[in-house]
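Structure record follows, encoded as structure tokens.
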Amino acid sequence: MAFRVQLNPSNKVFTAEKTETLLEAALRSGIALNYSCSTGACGGCGGRLVSGRVRATQHHDFKFPDTQQAQGYVLLCCCAADSDLEIEAQEVGGVEDIPLQQISTKVEKLERLREDTMILHLRTPRSQTLRFLAGQHISLAIEGLQARNKSLASCPCNAMNLQFHIRRVQGDPFSEYVFNQLKLSQQMIIEGPWGSFTLDEASQRPIIFIAYETGFAPIKSIIEHTFALEVGQPIHLYWMVREADRHYLQNLCRSWVDAMDNFQYTPLQGVPVTGVSSWEESGMPGLDVSDMDSMAAAIIADYPDLSGFDVYLTAPDSGMEKIVQILQQHGLPRAQLHQDVMQRF
Ligand code: FES
């Protein structure tokens with residue numbers, strides 16, 4: 001059974017199942033409420049019940065002062081809806097509201113999609129999930145190796161199960177370790193989040209996502225967040241890779257097209273790598289500048305006037321300026337361009 005919850009002061013509405021806490025329901029719906037421990041210890045998820053009934057789901061040590069209790073304050077991590085509700089609670093306003101966190105996680109799954117591409121699944125403790133905004137990145141530390149910055153590829157609506165896309169790069173100790181030595185249940189310390197490559201939730205403009213190679217990871221996180229929020233505007237994803245079979249989550253992209261009326265997907269292929277590529281030399285994706293030309297040409301052919309769009313773009317440093325220039329020549333205002341330089345492999 002599900003209930004309707006109206007959240008003030010933002011006027012957002014979400015659905016809460018009887019079996020989930022109000023905090024879980026809000027996060028699942030893409031709403032970034034303030035919280036910390038999720039276990040009733042800190043008081044960080046406090047909100048005021050304006051109307052309706054809630055029921056306690058677990059014991060909590062934190063106690064509100066009498067005045068707040070009298071005003072109807074409840075811990076959203078410790079109660080579930082028992083009727084339709086109206087509540088008042090603080091939402092995260094932006095990346096500056098998210099605290100820096102250090103969490104000891106465990107390797108949950110090592111999902112090898114190709115010989116050189118892996119999805120690393122990490123699980124946080126239930127009492128210390130990672131608070132982040134879709135599109136942000138964190139640092140991953142393995143004992144004995146230099147920590148590595150990686151974009152989160154999963155949605156903040158599932159803050160206990162985190163995903164990262166790892167490209168194997170010859171000679172890179174981190175990726176070699178992940179591919180050859182990392183074990184299930186092994187500990188990994190994560191720290192973060194960082195970065196401001198996040199969704200402009202106030203905008204109603206249609207969205208174009210442009211991903212290059214494993215720059216797909218933060219874009220996947222943002223796309224899944226738009227689904228959780230049930231945004232209504234059209235969304236078009238372009239994903240360029242260097243070799244024909246490198247769209248390593250092609251079926252996922254196609255399932256989005258099938259499931260969402262407002263979603264389009266265009267896979268693109270650039271210039272295949274021949275000989276020794278800069279992947280091996282620098283750990284960054286080799287880039288033929290014609291990749292940027294052909295990626296931009298495909299987008300411009302579909303959308304010759306970009307003035308009314310929001311564009312989210314990941315590309316290597318060496319190609320970023322080129323594609324940004326082309327997009328701006330076709331009317332894209334600077335304020336509507338969100339870019340993430342790929343430096344996290
Ligand atoms: S998040 Fe700490 S008490 Fe709810």
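Chains: A, B, ... in order of the structure tokens. Residues: from 1 per chain. Ligands: from 1, in order shown.
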Exercise for the section: Give the residue list for ligand 1 at 9 Å, counting only C-alpha atoms and all ligand atoms, as a PyMOL selection string, sorted by chain and then by residue number. Expected result: chain A and resi 23+34-46+60-62+75-78+127
Go ahead and write the selection's residues with N, CA, C and O atoms as a tab-separated table (two decimals), in the first residue's frame.
chain	number	residue	atom	x	y	z
A	23	LEU	N	12.32	8.58	4.80
A	23	LEU	CA	13.61	8.94	4.22
A	23	LEU	C	13.90	8.06	2.99
A	23	LEU	O	14.28	8.56	1.93
A	34	ASN	N	17.98	16.11	3.82
A	34	ASN	CA	19.11	16.10	4.75
A	34	ASN	C	19.03	14.88	5.65
A	34	ASN	O	17.96	14.54	6.15
A	35	TYR	N	20.14	14.21	5.85
A	35	TYR	CA	20.19	13.11	6.81
A	35	TYR	C	21.65	12.77	7.05
A	35	TYR	O	22.54	13.28	6.37
A	36	SER	N	21.88	11.89	8.02
A	36	SER	CA	23.26	11.49	8.25
A	36	SER	C	23.34	10.00	8.57
A	36	SER	O	23.78	9.20	7.77
A	37	CYS	N	22.86	9.61	9.78
A	37	CYS	CA	23.13	8.23	10.23
A	37	CYS	C	22.14	7.21	9.71
A	37	CYS	O	22.45	6.03	9.59
A	38	SER	N	20.94	7.59	9.40
A	38	SER	CA	19.83	6.69	8.99
A	38	SER	C	19.41	5.72	10.07
A	38	SER	O	18.68	4.75	9.79
A	39	THR	N	19.88	5.88	11.30
A	39	THR	CA	19.57	4.89	12.34
A	39	THR	C	18.92	5.51	13.58
A	39	THR	O	18.85	4.86	14.62
A	40	GLY	N	18.54	6.78	13.50
A	40	GLY	CA	17.87	7.37	14.66
A	40	GLY	C	18.80	7.90	15.72
A	40	GLY	O	18.37	8.12	16.86
A	41	ALA	N	20.06	8.14	15.36
A	41	ALA	CA	21.02	8.56	16.38
A	41	ALA	C	21.35	10.05	16.32
A	41	ALA	O	21.68	10.65	17.34
A	42	CYS	N	21.27	10.66	15.13
A	42	CYS	CA	21.85	12.01	14.97
A	42	CYS	C	20.82	13.13	14.95
A	42	CYS	O	21.15	14.28	15.19
A	43	GLY	N	19.61	12.87	14.55
A	43	GLY	CA	18.59	13.91	14.43
A	43	GLY	C	18.64	14.66	13.12
A	43	GLY	O	17.83	15.55	12.87
A	44	GLY	N	19.58	14.28	12.23
A	44	GLY	CA	19.77	15.04	10.98
A	44	GLY	C	18.61	14.96	10.01
A	44	GLY	O	18.49	15.82	9.14
A	45	CYS	N	17.75	13.98	10.16
A	45	CYS	CA	16.64	13.82	9.21
A	45	CYS	C	15.33	14.36	9.77
A	45	CYS	O	14.26	14.02	9.25
A	46	GLY	N	15.43	15.17	10.82
A	46	GLY	CA	14.21	15.66	11.46
A	46	GLY	C	13.32	16.44	10.50
A	46	GLY	O	13.80	17.26	9.72
A	60	HIS	N	14.67	4.72	18.35
A	60	HIS	CA	15.74	5.70	18.09
A	60	HIS	C	16.21	6.33	19.38
A	60	HIS	O	15.41	6.60	20.29
A	61	ASP	N	17.51	6.56	19.42
A	61	ASP	CA	18.11	7.15	20.62
A	61	ASP	C	17.93	8.67	20.65
A	61	ASP	O	17.87	9.27	21.72
A	62	PHE	N	17.87	9.28	19.47
A	62	PHE	CA	17.77	10.74	19.44
A	62	PHE	C	16.38	11.17	19.92
A	62	PHE	O	15.37	10.59	19.53
A	75	LEU	N	11.54	11.80	13.20
A	75	LEU	CA	12.75	11.39	12.46
A	75	LEU	C	12.30	10.63	11.21
A	75	LEU	O	11.67	9.57	11.32
A	76	LEU	N	12.64	11.16	10.06
A	76	LEU	CA	12.13	10.56	8.82
A	76	LEU	C	12.79	9.21	8.52
A	76	LEU	O	12.28	8.44	7.73
A	77	CYS	N	13.94	8.93	9.18
A	77	CYS	CA	14.58	7.62	8.98
A	77	CYS	C	13.99	6.56	9.90
A	77	CYS	O	14.38	5.40	9.81
A	78	CYS	N	13.09	6.96	10.78
A	78	CYS	CA	12.57	6.01	11.76
A	78	CYS	C	11.05	5.92	11.74
A	78	CYS	O	10.45	5.41	12.68
A	127	SER	N	24.26	1.82	8.09
A	127	SER	CA	24.23	3.00	8.96
A	127	SER	C	25.11	4.14	8.45
A	127	SER	O	25.20	5.17	9.08
Problem - Spatial neighbours of segment 105-115 of chain A, 7 Å, only C-alpha atoms, chain gap at least 2 places, as a list in words - result: Ile103, Thr117, Met118, Ile119, Leu120, His121, Leu122, Arg123, Thr124, Pro125, Leu184, Ser185, Gln186, Gln187, Met188, Ile189 and Tyr248 of chain A
Problem - Who sits within 12 Å of Ala26 of chain A, only C-alpha atoms, same chain under 2 positions skipped, as an MDAnalysis selection string - result: chainID A and resid 4:7 12:17 20:24 28:35 45 76:77 80:81 87 89:91 156:158 228:229
Exercise for the section: Just the residues within 10 Å of Leu133 of chain A, please, counting only C-alpha atoms, with nothing from its chain fewer than 4 positions along; format it as a PyMOL selection string. Expected result: chain A and resi 30+32+92+94-95+98+137+152+155-157+193-199+221-222+225
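Proximity ranking of A:Ile208, A:Ala70, A:Leu327, A:Ala153 relative to Ile166 of chain A places A:Ala153 first, based on only C-alpha atoms.
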Handout entry: Atom-to-atom span, atom CA of Thr129 of chain A and atom CA of Ala159 of chain A, Å
Key =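 Atom-to-atom, atom CA of Thr129 of chain A to atom CA of Ala159 of chain A, that is 5.4 Å.
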Residues within 6 Å of Met240 of chain A, only C-alpha atoms, excluding chain neighbours under 6 positions, as a tab-separated table (two decimals) with N, CA, C and O atoms, in the first residue's frame:
chain	number	residue	atom	x	y	z
A	212	TYR	N	31.44	10.43	-23.75
A	212	TYR	CA	32.55	9.89	-24.53
A	212	TYR	C	33.19	8.75	-23.75
A	212	TYR	O	33.63	8.95	-22.61
A	268	LEU	N	27.22	6.39	-31.08
A	268	LEU	CA	28.10	6.92	-32.12
A	268	LEU	C	29.44	6.22	-32.03
A	268	LEU	O	29.87	5.82	-30.95
A	269	GLN	N	30.09	6.11	-33.19
A	269	GLN	CA	31.41	5.50	-33.18
A	269	GLN	C	32.43	6.45	-33.81
A	269	GLN	O	32.20	7.01	-34.87
Exercise for the section: Name all residues at most 8 Å from segment 330-332 of chain A (count only C-alpha atoms; drop same-chain ones fewer than 6 positions away) and give them as a count of residues only. Expected result: 7
Problem - Every residue of segment 67-263 of chain A that DSSP places in helix (DSSP H, G or I), as an NGL selection string - result: :A and (67-71 or 95-97 or 156-158 or 173-180 or 213-229 or 250-259)
The selected residues should be written to file as a short mmCIF file (atom, residue, chain, number, x, y, z; two decimals), in the first residue's frame (atoms: N, CA and C atoms).
data_model
loop_
_atom_site.label_atom_id
_atom_site.label_comp_id
_atom_site.auth_asym_id
_atom_site.auth_seq_id
_atom_site.Cartn_x
_atom_site.Cartn_y
_atom_site.Cartn_z
N THR A 67 9.64 21.17 23.01
CA THR A 67 8.93 22.13 22.15
C THR A 67 8.80 21.59 20.72
N GLN A 68 9.86 20.96 20.24
CA GLN A 68 9.79 20.42 18.87
C GLN A 68 8.87 19.20 18.81
N GLN A 69 8.90 18.41 19.87
CA GLN A 69 7.97 17.26 19.90
C GLN A 69 6.53 17.75 19.82
N ALA A 70 6.25 18.83 20.56
CA ALA A 70 4.89 19.38 20.57
C ALA A 70 4.50 19.91 19.19
N GLN A 71 5.52 20.35 18.43
CA GLN A 71 5.24 20.88 17.08
C GLN A 71 5.09 19.77 16.04
N VAL A 95 25.65 21.19 -4.03
CA VAL A 95 26.79 20.38 -3.62
C VAL A 95 27.42 20.89 -2.32
N GLU A 96 27.27 22.20 -2.07
CA GLU A 96 27.88 22.77 -0.86
C GLU A 96 27.20 22.27 0.42
N ASP A 97 26.01 21.72 0.30
CA ASP A 97 25.30 21.21 1.49
C ASP A 97 25.67 19.77 1.82
N PRO A 156 21.89 8.32 -6.74
CA PRO A 156 21.86 8.58 -5.30
C PRO A 156 20.63 7.97 -4.62
N CYS A 157 19.64 7.58 -5.42
CA CYS A 157 18.45 6.96 -4.82
C CYS A 157 18.78 5.59 -4.23
N ASN A 158 19.95 5.06 -4.54
CA ASN A 158 20.40 3.80 -3.93
C ASN A 158 21.78 4.05 -3.33
N PRO A 173 48.62 0.85 -12.15
CA PRO A 173 48.53 -0.06 -11.01
C PRO A 173 47.11 -0.21 -10.47
N PHE A 174 46.34 0.87 -10.49
CA PHE A 174 44.99 0.81 -9.92
C PHE A 174 44.10 -0.13 -10.74
N SER A 175 44.05 0.10 -12.05
CA SER A 175 43.15 -0.74 -12.85
C SER A 175 43.66 -2.17 -12.93
N GLU A 176 44.97 -2.35 -12.96
CA GLU A 176 45.52 -3.72 -12.97
C GLU A 176 45.13 -4.44 -11.68
N TYR A 177 45.17 -3.71 -10.57
CA TYR A 177 44.81 -4.33 -9.29
C TYR A 177 43.32 -4.74 -9.31
N VAL A 178 42.48 -3.81 -9.77
CA VAL A 178 41.03 -4.10 -9.80
C VAL A 178 40.75 -5.32 -10.67
N PHE A 179 41.43 -5.42 -11.80
CA PHE A 179 41.15 -6.53 -12.72
C PHE A 179 41.79 -7.85 -12.26
N ASN A 180 42.90 -7.77 -11.58
CA ASN A 180 43.65 -9.02 -11.31
C ASN A 180 43.64 -9.48 -9.86
N GLU A 213 33.16 7.55 -24.34
CA GLU A 213 33.76 6.36 -23.70
C GLU A 213 33.24 6.18 -22.26
N THR A 214 34.13 5.96 -21.27
CA THR A 214 33.65 5.72 -19.90
C THR A 214 33.18 7.00 -19.20
N GLY A 215 33.22 8.11 -19.92
CA GLY A 215 32.55 9.32 -19.44
C GLY A 215 31.04 9.09 -19.36
N PHE A 216 30.62 7.93 -19.83
CA PHE A 216 29.22 7.52 -19.68
C PHE A 216 28.83 7.38 -18.20
N ALA A 217 29.82 7.07 -17.33
CA ALA A 217 29.51 6.76 -15.93
C ALA A 217 28.73 7.88 -15.21
N PRO A 218 29.27 9.12 -15.14
CA PRO A 218 28.50 10.15 -14.42
C PRO A 218 27.20 10.50 -15.13
N ILE A 219 27.19 10.34 -16.45
CA ILE A 219 25.96 10.65 -17.20
C ILE A 219 24.89 9.60 -16.88
N LYS A 220 25.31 8.36 -16.74
CA LYS A 220 24.35 7.30 -16.33
C LYS A 220 23.74 7.66 -14.97
N SER A 221 24.58 8.13 -14.05
CA SER A 221 24.09 8.50 -12.72
C SER A 221 23.03 9.61 -12.83
N ILE A 222 23.31 10.61 -13.65
CA ILE A 222 22.36 11.73 -13.78
C ILE A 222 21.08 11.26 -14.48
N ILE A 223 21.23 10.43 -15.52
CA ILE A 223 20.03 9.95 -16.23
C ILE A 223 19.14 9.16 -15.26
N GLU A 224 19.74 8.29 -14.46
CA GLU A 224 18.93 7.51 -13.53
C GLU A 224 18.27 8.42 -12.49
N HIS A 225 18.96 9.50 -12.15
CA HIS A 225 18.35 10.48 -11.23
C HIS A 225 17.15 11.17 -11.89
N THR A 226 17.25 11.49 -13.18
CA THR A 226 16.09 12.12 -13.86
C THR A 226 14.90 11.15 -13.87
N PHE A 227 15.20 9.84 -13.99
CA PHE A 227 14.10 8.87 -13.96
C PHE A 227 13.47 8.83 -12.57
N ALA A 228 14.31 8.87 -11.53
CA ALA A 228 13.77 8.85 -10.16
C ALA A 228 12.89 10.08 -9.92
N LEU A 229 13.31 11.21 -10.49
CA LEU A 229 12.54 12.45 -10.33
C LEU A 229 11.32 12.50 -11.24
N GLN A 250 25.06 -1.04 -23.70
CA GLN A 250 24.13 -0.76 -24.81
C GLN A 250 22.71 -1.24 -24.48
N ASN A 251 22.61 -2.44 -23.91
CA ASN A 251 21.27 -2.97 -23.62
C ASN A 251 20.54 -2.11 -22.59
N LEU A 252 21.30 -1.58 -21.63
CA LEU A 252 20.68 -0.70 -20.65
C LEU A 252 20.11 0.54 -21.33
N CYS A 253 20.91 1.13 -22.22
CA CYS A 253 20.44 2.34 -22.93
C CYS A 253 19.18 2.02 -23.73
N ARG A 254 19.18 0.86 -24.36
CA ARG A 254 17.99 0.48 -25.16
C ARG A 254 16.79 0.23 -24.27
N SER A 255 17.04 -0.30 -23.07
CA SER A 255 15.91 -0.54 -22.17
C SER A 255 15.32 0.79 -21.69
N TRP A 256 16.17 1.81 -21.57
CA TRP A 256 15.64 3.13 -21.21
C TRP A 256 14.72 3.65 -22.31
N VAL A 257 15.13 3.45 -23.57
CA VAL A 257 14.31 3.91 -24.70
C VAL A 257 12.95 3.20 -24.65
N ASP A 258 12.97 1.90 -24.38
CA ASP A 258 11.72 1.13 -24.34
C ASP A 258 10.82 1.58 -23.18
N ALA A 259 11.45 1.94 -22.06
CA ALA A 259 10.66 2.21 -20.85
C ALA A 259 10.17 3.65 -20.76
#
Exercise for the section: Give me the residues within 8 Å of Gly270 of chain A as a ChimeraX atom specification, counting only C-alpha atoms and dropping any in the same chain fewer than 6 places off. Expected result: /A:240-243,288,290-291,294-295
Strand (DSSP E) call set, DSSP backbone run, segment 14-241 of chain A, as a CSV table (one decimal) with N, CA and C atoms, in the first residue's frame:
chain,number,residue,atom,x,y,z
A,14,PHE,N,5.9,12.9,-3.4
A,14,PHE,CA,6.4,11.6,-3.6
A,14,PHE,C,5.5,10.5,-3.0
A,15,THR,N,5.7,9.3,-3.4
A,15,THR,CA,4.9,8.2,-2.9
A,15,THR,C,5.7,7.4,-1.9
A,16,ALA,N,5.1,7.0,-0.8
A,16,ALA,CA,5.8,6.2,0.2
A,16,ALA,C,5.0,4.9,0.5
A,17,GLU,N,5.7,3.8,0.3
A,17,GLU,CA,5.1,2.5,0.7
A,17,GLU,C,5.0,2.4,2.2
A,46,GLY,N,15.4,15.2,10.8
A,46,GLY,CA,14.2,15.7,11.5
A,46,GLY,C,13.3,16.4,10.5
A,47,GLY,N,12.0,16.2,10.6
A,47,GLY,CA,11.1,16.9,9.8
A,47,GLY,C,9.8,17.1,10.6
A,48,ARG,N,8.9,18.0,10.2
A,48,ARG,CA,7.7,18.3,10.9
A,48,ARG,C,6.5,17.7,10.2
A,49,LEU,N,5.8,16.9,11.0
A,49,LEU,CA,4.5,16.4,10.4
A,49,LEU,C,3.4,17.4,10.5
A,50,VAL,N,3.0,17.9,9.3
A,50,VAL,CA,2.0,18.9,9.2
A,50,VAL,C,0.6,18.3,9.3
A,51,SER,N,0.4,17.2,8.6
A,51,SER,CA,-0.9,16.5,8.6
A,51,SER,C,-0.7,15.0,8.3
A,54,VAL,N,1.9,8.9,11.0
A,54,VAL,CA,3.1,8.1,10.7
A,54,VAL,C,3.1,7.0,11.8
A,55,ARG,N,3.9,6.0,11.5
A,55,ARG,CA,4.1,4.9,12.5
A,55,ARG,C,5.6,4.7,12.6
A,56,ALA,N,6.1,4.4,13.8
A,56,ALA,CA,7.5,4.2,14.1
A,56,ALA,C,7.9,2.9,13.4
A,73,TYR,N,7.6,17.2,15.4
A,73,TYR,CA,8.8,16.8,14.7
A,73,TYR,C,9.0,15.3,14.8
A,74,VAL,N,9.4,14.7,13.7
A,74,VAL,CA,9.7,13.2,13.7
A,74,VAL,C,11.0,13.0,13.0
A,75,LEU,N,11.5,11.8,13.2
A,75,LEU,CA,12.7,11.4,12.5
A,75,LEU,C,12.3,10.6,11.2
A,79,CYS,N,10.4,6.4,10.7
A,79,CYS,CA,9.0,6.3,10.6
A,79,CYS,C,8.5,6.1,9.2
A,80,ALA,N,7.3,5.5,9.1
A,80,ALA,CA,6.8,5.3,7.7
A,80,ALA,C,5.4,5.9,7.7
A,81,ALA,N,4.9,6.1,6.5
A,81,ALA,CA,3.6,6.7,6.4
A,81,ALA,C,2.5,5.7,6.8
A,85,LEU,N,0.2,12.2,3.7
A,85,LEU,CA,0.9,13.1,4.6
A,85,LEU,C,1.3,14.4,4.0
A,86,GLU,N,1.4,15.4,4.9
A,86,GLU,CA,2.1,16.6,4.5
A,86,GLU,C,3.2,16.8,5.5
A,87,ILE,N,4.5,17.0,5.1
A,87,ILE,CA,5.6,17.2,6.0
A,87,ILE,C,6.4,18.4,5.6
A,88,GLU,N,7.1,18.9,6.5
A,88,GLU,CA,8.1,19.9,6.3
A,88,GLU,C,9.5,19.4,6.6
A,101,GLN,N,32.6,12.9,3.3
A,101,GLN,CA,32.4,11.7,4.0
A,101,GLN,C,33.6,10.7,3.8
A,102,GLN,N,33.9,9.9,4.8
A,102,GLN,CA,34.8,8.9,4.6
A,102,GLN,C,34.2,7.6,5.1
A,103,ILE,N,34.1,6.6,4.2
A,103,ILE,CA,33.3,5.4,4.5
A,103,ILE,C,34.1,4.2,4.1
A,104,SER,N,34.0,3.2,5.0
A,104,SER,CA,34.7,1.9,4.7
A,104,SER,C,33.6,1.0,4.0
A,105,THR,N,33.9,0.7,2.7
A,105,THR,CA,32.9,-0.1,2.0
A,105,THR,C,33.4,-1.5,1.7
A,106,LYS,N,32.6,-2.4,1.2
A,106,LYS,CA,33.0,-3.7,0.8
A,106,LYS,C,32.7,-3.9,-0.7
A,107,VAL,N,33.6,-4.7,-1.3
A,107,VAL,CA,33.4,-5.0,-2.7
A,107,VAL,C,32.2,-6.0,-2.8
A,108,GLU,N,31.1,-5.6,-3.4
A,108,GLU,CA,29.9,-6.5,-3.5
A,108,GLU,C,29.9,-7.3,-4.8
A,109,LYS,N,30.5,-6.8,-5.8
A,109,LYS,CA,30.4,-7.5,-7.1
A,109,LYS,C,31.5,-7.0,-8.1
A,110,LEU,N,32.1,-7.8,-8.8
A,110,LEU,CA,33.0,-7.4,-9.9
A,110,LEU,C,32.4,-7.9,-11.2
A,111,GLU,N,31.9,-7.0,-11.9
A,111,GLU,CA,31.1,-7.3,-13.1
A,111,GLU,C,31.9,-7.0,-14.4
A,112,ARG,N,32.6,-8.0,-14.9
A,112,ARG,CA,33.4,-7.8,-16.1
A,112,ARG,C,32.6,-7.8,-17.4
A,113,LEU,N,32.5,-6.6,-18.0
A,113,LEU,CA,31.6,-6.5,-19.2
A,113,LEU,C,32.4,-6.8,-20.5
A,114,ARG,N,33.6,-6.5,-20.5
A,114,ARG,CA,34.5,-6.8,-21.6
A,114,ARG,C,35.9,-7.1,-21.0
A,117,THR,N,36.8,-3.7,-19.5
A,117,THR,CA,35.9,-2.8,-18.8
A,117,THR,C,35.1,-3.6,-17.7
A,118,MET,N,35.1,-3.0,-16.6
A,118,MET,CA,34.6,-3.7,-15.4
A,118,MET,C,33.6,-2.7,-14.7
A,119,ILE,N,32.5,-3.2,-14.2
A,119,ILE,CA,31.7,-2.4,-13.2
A,119,ILE,C,32.0,-2.9,-11.8
A,120,LEU,N,32.5,-2.0,-11.0
A,120,LEU,CA,32.9,-2.3,-9.7
A,120,LEU,C,31.7,-1.9,-8.8
A,121,HIS,N,31.1,-2.8,-8.0
A,121,HIS,CA,30.0,-2.6,-7.1
A,121,HIS,C,30.5,-2.5,-5.7
A,122,LEU,N,30.3,-1.5,-5.0
A,122,LEU,CA,30.7,-1.4,-3.6
A,122,LEU,C,29.4,-1.2,-2.8
A,123,ARG,N,29.5,-1.7,-1.5
A,123,ARG,CA,28.3,-1.6,-0.6
A,123,ARG,C,28.8,-0.9,0.6
A,137,HIS,N,31.9,12.7,-8.0
A,137,HIS,CA,32.9,11.7,-7.9
A,137,HIS,C,33.5,11.6,-6.5
A,138,ILE,N,34.2,10.5,-6.3
A,138,ILE,CA,34.8,10.3,-5.0
A,138,ILE,C,36.2,9.7,-5.2
A,139,SER,N,37.0,9.6,-4.1
A,139,SER,CA,38.2,8.9,-4.3
A,139,SER,C,38.1,7.5,-3.7
A,140,LEU,N,38.7,6.6,-4.3
A,140,LEU,CA,38.7,5.2,-3.9
A,140,LEU,C,40.1,4.8,-3.5
A,141,ALA,N,40.2,4.2,-2.3
A,141,ALA,CA,41.5,3.9,-1.8
A,141,ALA,C,41.7,2.4,-1.5
A,148,ARG,N,42.4,6.8,-6.1
A,148,ARG,CA,42.0,7.1,-7.5
A,148,ARG,C,40.6,7.8,-7.5
A,149,ASN,N,40.5,8.9,-8.2
A,149,ASN,CA,39.2,9.6,-8.3
A,149,ASN,C,38.4,8.9,-9.3
A,150,LYS,N,37.1,8.6,-9.0
A,150,LYS,CA,36.2,7.9,-9.9
A,150,LYS,C,34.8,8.6,-9.8
A,151,SER,N,34.2,8.7,-11.0
A,151,SER,CA,32.8,9.2,-11.0
A,151,SER,C,31.9,8.1,-10.5
A,161,ASN,N,24.4,1.1,-2.4
A,161,ASN,CA,25.0,0.3,-3.5
A,161,ASN,C,25.6,1.2,-4.6
A,162,LEU,N,26.9,1.3,-4.6
A,162,LEU,CA,27.6,2.3,-5.5
A,162,LEU,C,28.3,1.6,-6.6
A,163,GLN,N,28.2,2.2,-7.8
A,163,GLN,CA,28.9,1.6,-9.0
A,163,GLN,C,29.9,2.5,-9.6
A,164,PHE,N,31.0,1.9,-10.1
A,164,PHE,CA,32.0,2.7,-10.8
A,164,PHE,C,32.4,1.9,-12.1
A,165,HIS,N,32.7,2.6,-13.1
A,165,HIS,CA,33.1,2.0,-14.4
A,165,HIS,C,34.6,2.0,-14.5
A,166,ILE,N,35.3,0.9,-14.5
A,166,ILE,CA,36.7,0.9,-14.5
A,166,ILE,C,37.2,0.4,-15.9
A,167,ARG,N,38.1,1.2,-16.5
A,167,ARG,CA,38.7,0.9,-17.7
A,167,ARG,C,40.1,0.3,-17.4
A,187,GLN,N,37.8,-4.7,1.6
A,187,GLN,CA,37.5,-3.4,2.0
A,187,GLN,C,38.1,-2.3,1.1
A,188,MET,N,37.3,-1.3,0.8
A,188,MET,CA,37.8,-0.1,0.1
A,188,MET,C,37.3,1.1,0.8
A,189,ILE,N,38.2,2.0,1.0
A,189,ILE,CA,37.8,3.3,1.7
A,189,ILE,C,37.4,4.3,0.6
A,190,ILE,N,36.2,4.9,0.7
A,190,ILE,CA,35.9,5.9,-0.2
A,190,ILE,C,35.8,7.3,0.5
A,191,GLU,N,36.1,8.3,-0.2
A,191,GLU,CA,36.1,9.7,0.4
A,191,GLU,C,35.5,10.6,-0.6
A,192,GLY,N,34.6,11.5,-0.1
A,192,GLY,CA,34.0,12.5,-1.0
A,192,GLY,C,32.6,12.8,-0.5
A,193,PRO,N,31.7,13.3,-1.4
A,193,PRO,CA,31.9,13.4,-2.8
A,193,PRO,C,32.4,14.8,-3.1
A,194,TRP,N,32.8,14.9,-4.4
A,194,TRP,CA,33.3,16.2,-5.0
A,194,TRP,C,32.6,16.4,-6.3
A,207,ILE,N,16.8,18.1,-22.5
A,207,ILE,CA,18.2,17.8,-22.1
A,207,ILE,C,18.9,16.9,-23.1
A,208,ILE,N,20.1,17.3,-23.5
A,208,ILE,CA,21.0,16.5,-24.3
A,208,ILE,C,22.2,16.0,-23.4
A,209,PHE,N,22.4,14.7,-23.4
A,209,PHE,CA,23.5,14.2,-22.7
A,209,PHE,C,24.5,13.7,-23.8
A,210,ILE,N,25.8,14.1,-23.6
A,210,ILE,CA,26.8,13.7,-24.6
A,210,ILE,C,28.0,13.0,-23.7
A,211,ALA,N,28.1,11.7,-24.0
A,211,ALA,CA,29.1,10.9,-23.3
A,211,ALA,C,30.2,10.4,-24.2
A,212,TYR,N,31.4,10.4,-23.7
A,212,TYR,CA,32.6,9.9,-24.5
A,212,TYR,C,33.2,8.8,-23.7
A,235,ILE,N,14.6,13.9,-23.3
A,235,ILE,CA,16.0,13.6,-23.0
A,235,ILE,C,16.6,12.8,-24.2
A,236,HIS,N,17.8,13.2,-24.6
A,236,HIS,CA,18.5,12.5,-25.8
A,236,HIS,C,19.9,12.3,-25.3
A,237,LEU,N,20.3,11.0,-25.4
A,237,LEU,CA,21.6,10.6,-25.0
A,237,LEU,C,22.4,10.2,-26.3
A,238,TYR,N,23.6,10.9,-26.4
A,238,TYR,CA,24.6,10.5,-27.5
A,238,TYR,C,25.8,9.9,-26.7
A,239,TRP,N,26.2,8.7,-27.2
A,239,TRP,CA,27.3,8.0,-26.5
A,239,TRP,C,28.3,7.6,-27.6
A,240,MET,N,29.5,8.3,-27.6
A,240,MET,CA,30.5,8.0,-28.6
A,240,MET,C,31.6,7.1,-28.0
A,241,VAL,N,32.0,6.1,-28.8
A,241,VAL,CA,33.1,5.2,-28.4
A,241,VAL,C,34.0,5.1,-29.6
Handout entry: Coordinates-based distance that separates atom CA of Phe3 of chain A from atom CA of Ala25 of chain A (Å, one decimal)
Key = 10.3 Å
Fill in the blank from the handout: In Å and to one decimal, atom CA of Leu313 of chain A is distant from atom CA of His338 of chain A by 6.2 Å
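Ranking A:Gly144, A:Gly52, A:Gly135, A:Pro333 by their shortest atom-to-atom distance to Asp84 of chain A, with only C-alpha atoms included, puts A:Gly52 first.
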